[in-house]
Amino acid sequence: MTHSDAIVDFYSLISEFFQRHLEAASLAVDELVDATGASVNKAAEAILNEHKLFSIGLGADCAGATALASLLHRGVLRERPSLPVVELAEHHIESVETGVNWASQKIQALGQPGDVGFVFAALLGEPEIQRLASAAEQRQITLVWVGNRGPGLSINLTSESIETRLTLNTILAVCLARLIDTHTFGPMEG
């Protein structure tokens, strides 16, 4: 086999990837709008009442958590004051159990009643979701589950593949940051 025989048609692979995820995102809007709007209201209320937001993600889920925290911290979408966001994202975890224990300890140490946490949870199973929910409940923190179902508000498409949910979680992180910014500080110009 020569080098020219092994040429991959990257165009069709890339096109198929984007087409699949854009289609899933387009079809998801009706399913996601109510929970997304409710979570934005809770986040803006927490900010305006001087509470914190948590952005939580472990392993591959940390990409969405990092994006949300970064966009809210630095005001990337427009110039404005930094928002009180605690990023609990860890890419290099020994195991999901170790990561959930770490995040639960951080929630216990830093959380206060009235805080709101966004948990990017596409890769979390039911036991991990319950452990994080228990830690948040003890500190009276409202959690919003992104990419999976959990107690309370869930912004998810659990019928989609893990790859699609992880892709949509990043899109949702940018969407959430924009909506929280707009709901808290008013419409953006341009």
# chains A, B, ... in the order shown; residues from 1 in each chain; ligands from 1
$ residues_around --residues "range 161-163 of chain A" --least-positions-apart "4" --cutoff "12 Å" --atoms "only C-alpha atoms" --output "ChimeraX atom specification"
/A:17-18,20-21,24,60-61,121-124,147-148,156-157,167-170
$ select_by_dssp --residues "range 7-132 of chain A" --states "strand (DSSP E or B)" --output "list in words"
Leu53, Phe54, Ser55, Ile56, Gly57, Leu58, Val85, Val86, Glu87, Leu88, Ala89, Glu90, Val116, Gly117, Phe118, Val119 and Phe120 of chain A
$ atom_distance --atom1 "CA of Ser55 in chain A" --atom2 "CA of Ser104 in chain A"
12.7 Å
$ residues_around --residues "range 125-138 of chain A" --least-positions-apart "4" --cutoff "12 Å" --atoms "only C-alpha atoms" --output "JSON, numbers by chain"
{"A": [54, 56, 57, 58, 95, 96, 97, 98, 99, 100, 101, 102, 103, 104, 105, 106, 107, 108, 109, 110, 111, 112, 113, 114, 115, 116, 117, 118, 119, 120, 121, 142, 143, 144, 145, 146, 147, 148, 149, 150, 151, 152, 153, 154, 158]}
$ select_by_dssp --residues "range 56-103 of chain A" --states "alpha helix (DSSP H)" --output "JSON, numbers by chain"
{"A": [62, 63, 64, 65, 66, 67, 68, 69, 70, 71, 72, 73, 74, 96, 97, 98, 99, 100, 101, 102, 103]}
$ closest_residue --among "A:Leu71, A:Leu77, A:Cys62, A:Val29" --to "His91 in chain A" --atoms "only C-alpha atoms"
A:Cys62
$ decode --residues "range 91-118 of chain A" --atoms "N, CA and C atoms" --output "PDB file, in the first residue's frame"
ATOM      1  N   HIS A  91      -9.532  17.799  34.429  1.00  0.00           N
ATOM      2  CA  HIS A  91      -9.402  16.917  33.281  1.00  0.00           C
ATOM      3  C   HIS A  91      -8.675  15.625  33.645  1.00  0.00           C
ATOM      4  N   HIS A  92      -7.632  15.733  34.433  1.00  0.00           N
ATOM      5  CA  HIS A  92      -6.803  14.581  34.787  1.00  0.00           C
ATOM      6  C   HIS A  92      -7.299  13.978  36.092  1.00  0.00           C
ATOM      7  N   ILE A  93      -8.261  13.075  35.987  1.00  0.00           N
ATOM      8  CA  ILE A  93      -8.772  12.409  37.177  1.00  0.00           C
ATOM      9  C   ILE A  93      -8.380  10.932  37.114  1.00  0.00           C
ATOM     10  N   GLU A  94      -8.067  10.372  38.275  1.00  0.00           N
ATOM     11  CA  GLU A  94      -7.702   8.952  38.334  1.00  0.00           C
ATOM     12  C   GLU A  94      -8.895   8.076  37.989  1.00  0.00           C
ATOM     13  N   SER A  95     -10.052   8.470  38.493  1.00  0.00           N
ATOM     14  CA  SER A  95     -11.291   7.745  38.231  1.00  0.00           C
ATOM     15  C   SER A  95     -12.440   8.735  38.416  1.00  0.00           C
ATOM     16  N   VAL A  96     -13.592   8.375  37.896  1.00  0.00           N
ATOM     17  CA  VAL A  96     -14.765   9.234  38.066  1.00  0.00           C
ATOM     18  C   VAL A  96     -15.081   9.358  39.552  1.00  0.00           C
ATOM     19  N   GLU A  97     -14.942   8.268  40.282  1.00  0.00           N
ATOM     20  CA  GLU A  97     -15.226   8.284  41.724  1.00  0.00           C
ATOM     21  C   GLU A  97     -14.318   9.282  42.452  1.00  0.00           C
ATOM     22  N   THR A  98     -13.027   9.263  42.132  1.00  0.00           N
ATOM     23  CA  THR A  98     -12.081  10.201  42.745  1.00  0.00           C
ATOM     24  C   THR A  98     -12.458  11.634  42.382  1.00  0.00           C
ATOM     25  N   GLY A  99     -12.793  11.871  41.126  1.00  0.00           N
ATOM     26  CA  GLY A  99     -13.191  13.207  40.682  1.00  0.00           C
ATOM     27  C   GLY A  99     -14.444  13.697  41.378  1.00  0.00           C
ATOM     28  N   VAL A 100     -15.434  12.829  41.516  1.00  0.00           N
ATOM     29  CA  VAL A 100     -16.691  13.209  42.186  1.00  0.00           C
ATOM     30  C   VAL A 100     -16.429  13.488  43.661  1.00  0.00           C
ATOM     31  N   ASN A 101     -15.583  12.688  44.291  1.00  0.00           N
ATOM     32  CA  ASN A 101     -15.224  12.952  45.696  1.00  0.00           C
ATOM     33  C   ASN A 101     -14.567  14.317  45.830  1.00  0.00           C
ATOM     34  N   TRP A 102     -13.637  14.635  44.928  1.00  0.00           N
ATOM     35  CA  TRP A 102     -12.947  15.932  44.942  1.00  0.00           C
ATOM     36  C   TRP A 102     -13.957  17.075  44.770  1.00  0.00           C
ATOM     37  N   ALA A 103     -14.835  16.959  43.758  1.00  0.00           N
ATOM     38  CA  ALA A 103     -15.824  18.012  43.500  1.00  0.00           C
ATOM     39  C   ALA A 103     -16.789  18.149  44.675  1.00  0.00           C
ATOM     40  N   SER A 104     -17.200  17.041  45.262  1.00  0.00           N
ATOM     41  CA  SER A 104     -18.112  17.084  46.419  1.00  0.00           C
ATOM     42  C   SER A 104     -17.464  17.794  47.605  1.00  0.00           C
ATOM     43  N   GLN A 105     -16.178  17.514  47.833  1.00  0.00           N
ATOM     44  CA  GLN A 105     -15.462  18.192  48.920  1.00  0.00           C
ATOM     45  C   GLN A 105     -15.379  19.691  48.671  1.00  0.00           C
ATOM     46  N   LYS A 106     -15.126  20.081  47.420  1.00  0.00           N
ATOM     47  CA  LYS A 106     -15.059  21.509  47.081  1.00  0.00           C
ATOM     48  C   LYS A 106     -16.423  22.174  47.277  1.00  0.00           C
ATOM     49  N   ILE A 107     -17.482  21.512  46.872  1.00  0.00           N
ATOM     50  CA  ILE A 107     -18.835  22.043  47.064  1.00  0.00           C
ATOM     51  C   ILE A 107     -19.109  22.217  48.553  1.00  0.00           C
ATOM     52  N   GLN A 108     -18.732  21.218  49.350  1.00  0.00           N
ATOM     53  CA  GLN A 108     -18.924  21.298  50.803  1.00  0.00           C
ATOM     54  C   GLN A 108     -18.136  22.457  51.411  1.00  0.00           C
ATOM     55  N   ALA A 109     -16.914  22.667  50.941  1.00  0.00           N
ATOM     56  CA  ALA A 109     -16.051  23.707  51.504  1.00  0.00           C
ATOM     57  C   ALA A 109     -16.436  25.106  51.039  1.00  0.00           C
ATOM     58  N   LEU A 110     -16.874  25.252  49.788  1.00  0.00           N
ATOM     59  CA  LEU A 110     -17.074  26.581  49.215  1.00  0.00           C
ATOM     60  C   LEU A 110     -18.536  26.994  49.054  1.00  0.00           C
ATOM     61  N   GLY A 111     -19.437  26.027  49.073  1.00  0.00           N
ATOM     62  CA  GLY A 111     -20.836  26.314  48.799  1.00  0.00           C
ATOM     63  C   GLY A 111     -21.566  26.971  49.953  1.00  0.00           C
ATOM     64  N   GLN A 112     -22.495  27.839  49.589  1.00  0.00           N
ATOM     65  CA  GLN A 112     -23.343  28.520  50.569  1.00  0.00           C
ATOM     66  C   GLN A 112     -24.774  28.512  50.055  1.00  0.00           C
ATOM     67  N   PRO A 113     -25.751  28.564  50.965  1.00  0.00           N
ATOM     68  CA  PRO A 113     -27.144  28.595  50.525  1.00  0.00           C
ATOM     69  C   PRO A 113     -27.369  29.719  49.504  1.00  0.00           C
ATOM     70  N   GLY A 114     -28.074  29.399  48.433  1.00  0.00           N
ATOM     71  CA  GLY A 114     -28.358  30.382  47.394  1.00  0.00           C
ATOM     72  C   GLY A 114     -27.433  30.291  46.191  1.00  0.00           C
ATOM     73  N   ASP A 115     -26.314  29.572  46.322  1.00  0.00           N
ATOM     74  CA  ASP A 115     -25.412  29.387  45.181  1.00  0.00           C
ATOM     75  C   ASP A 115     -26.074  28.471  44.151  1.00  0.00           C
ATOM     76  N   VAL A 116     -25.617  28.574  42.911  1.00  0.00           N
ATOM     77  CA  VAL A 116     -26.128  27.751  41.821  1.00  0.00           C
ATOM     78  C   VAL A 116     -24.948  27.090  41.131  1.00  0.00           C
ATOM     79  N   GLY A 117     -25.071  25.796  40.851  1.00  0.00           N
ATOM     80  CA  GLY A 117     -24.007  25.068  40.171  1.00  0.00           C
ATOM     81  C   GLY A 117     -24.488  24.456  38.872  1.00  0.00           C
ATOM     82  N   PHE A 118     -23.674  24.598  37.825  1.00  0.00           N
ATOM     83  CA  PHE A 118     -23.924  23.941  36.549  1.00  0.00           C
ATOM     84  C   PHE A 118     -22.993  22.744  36.484  1.00  0.00           C
TER      85      PHE A 118
END
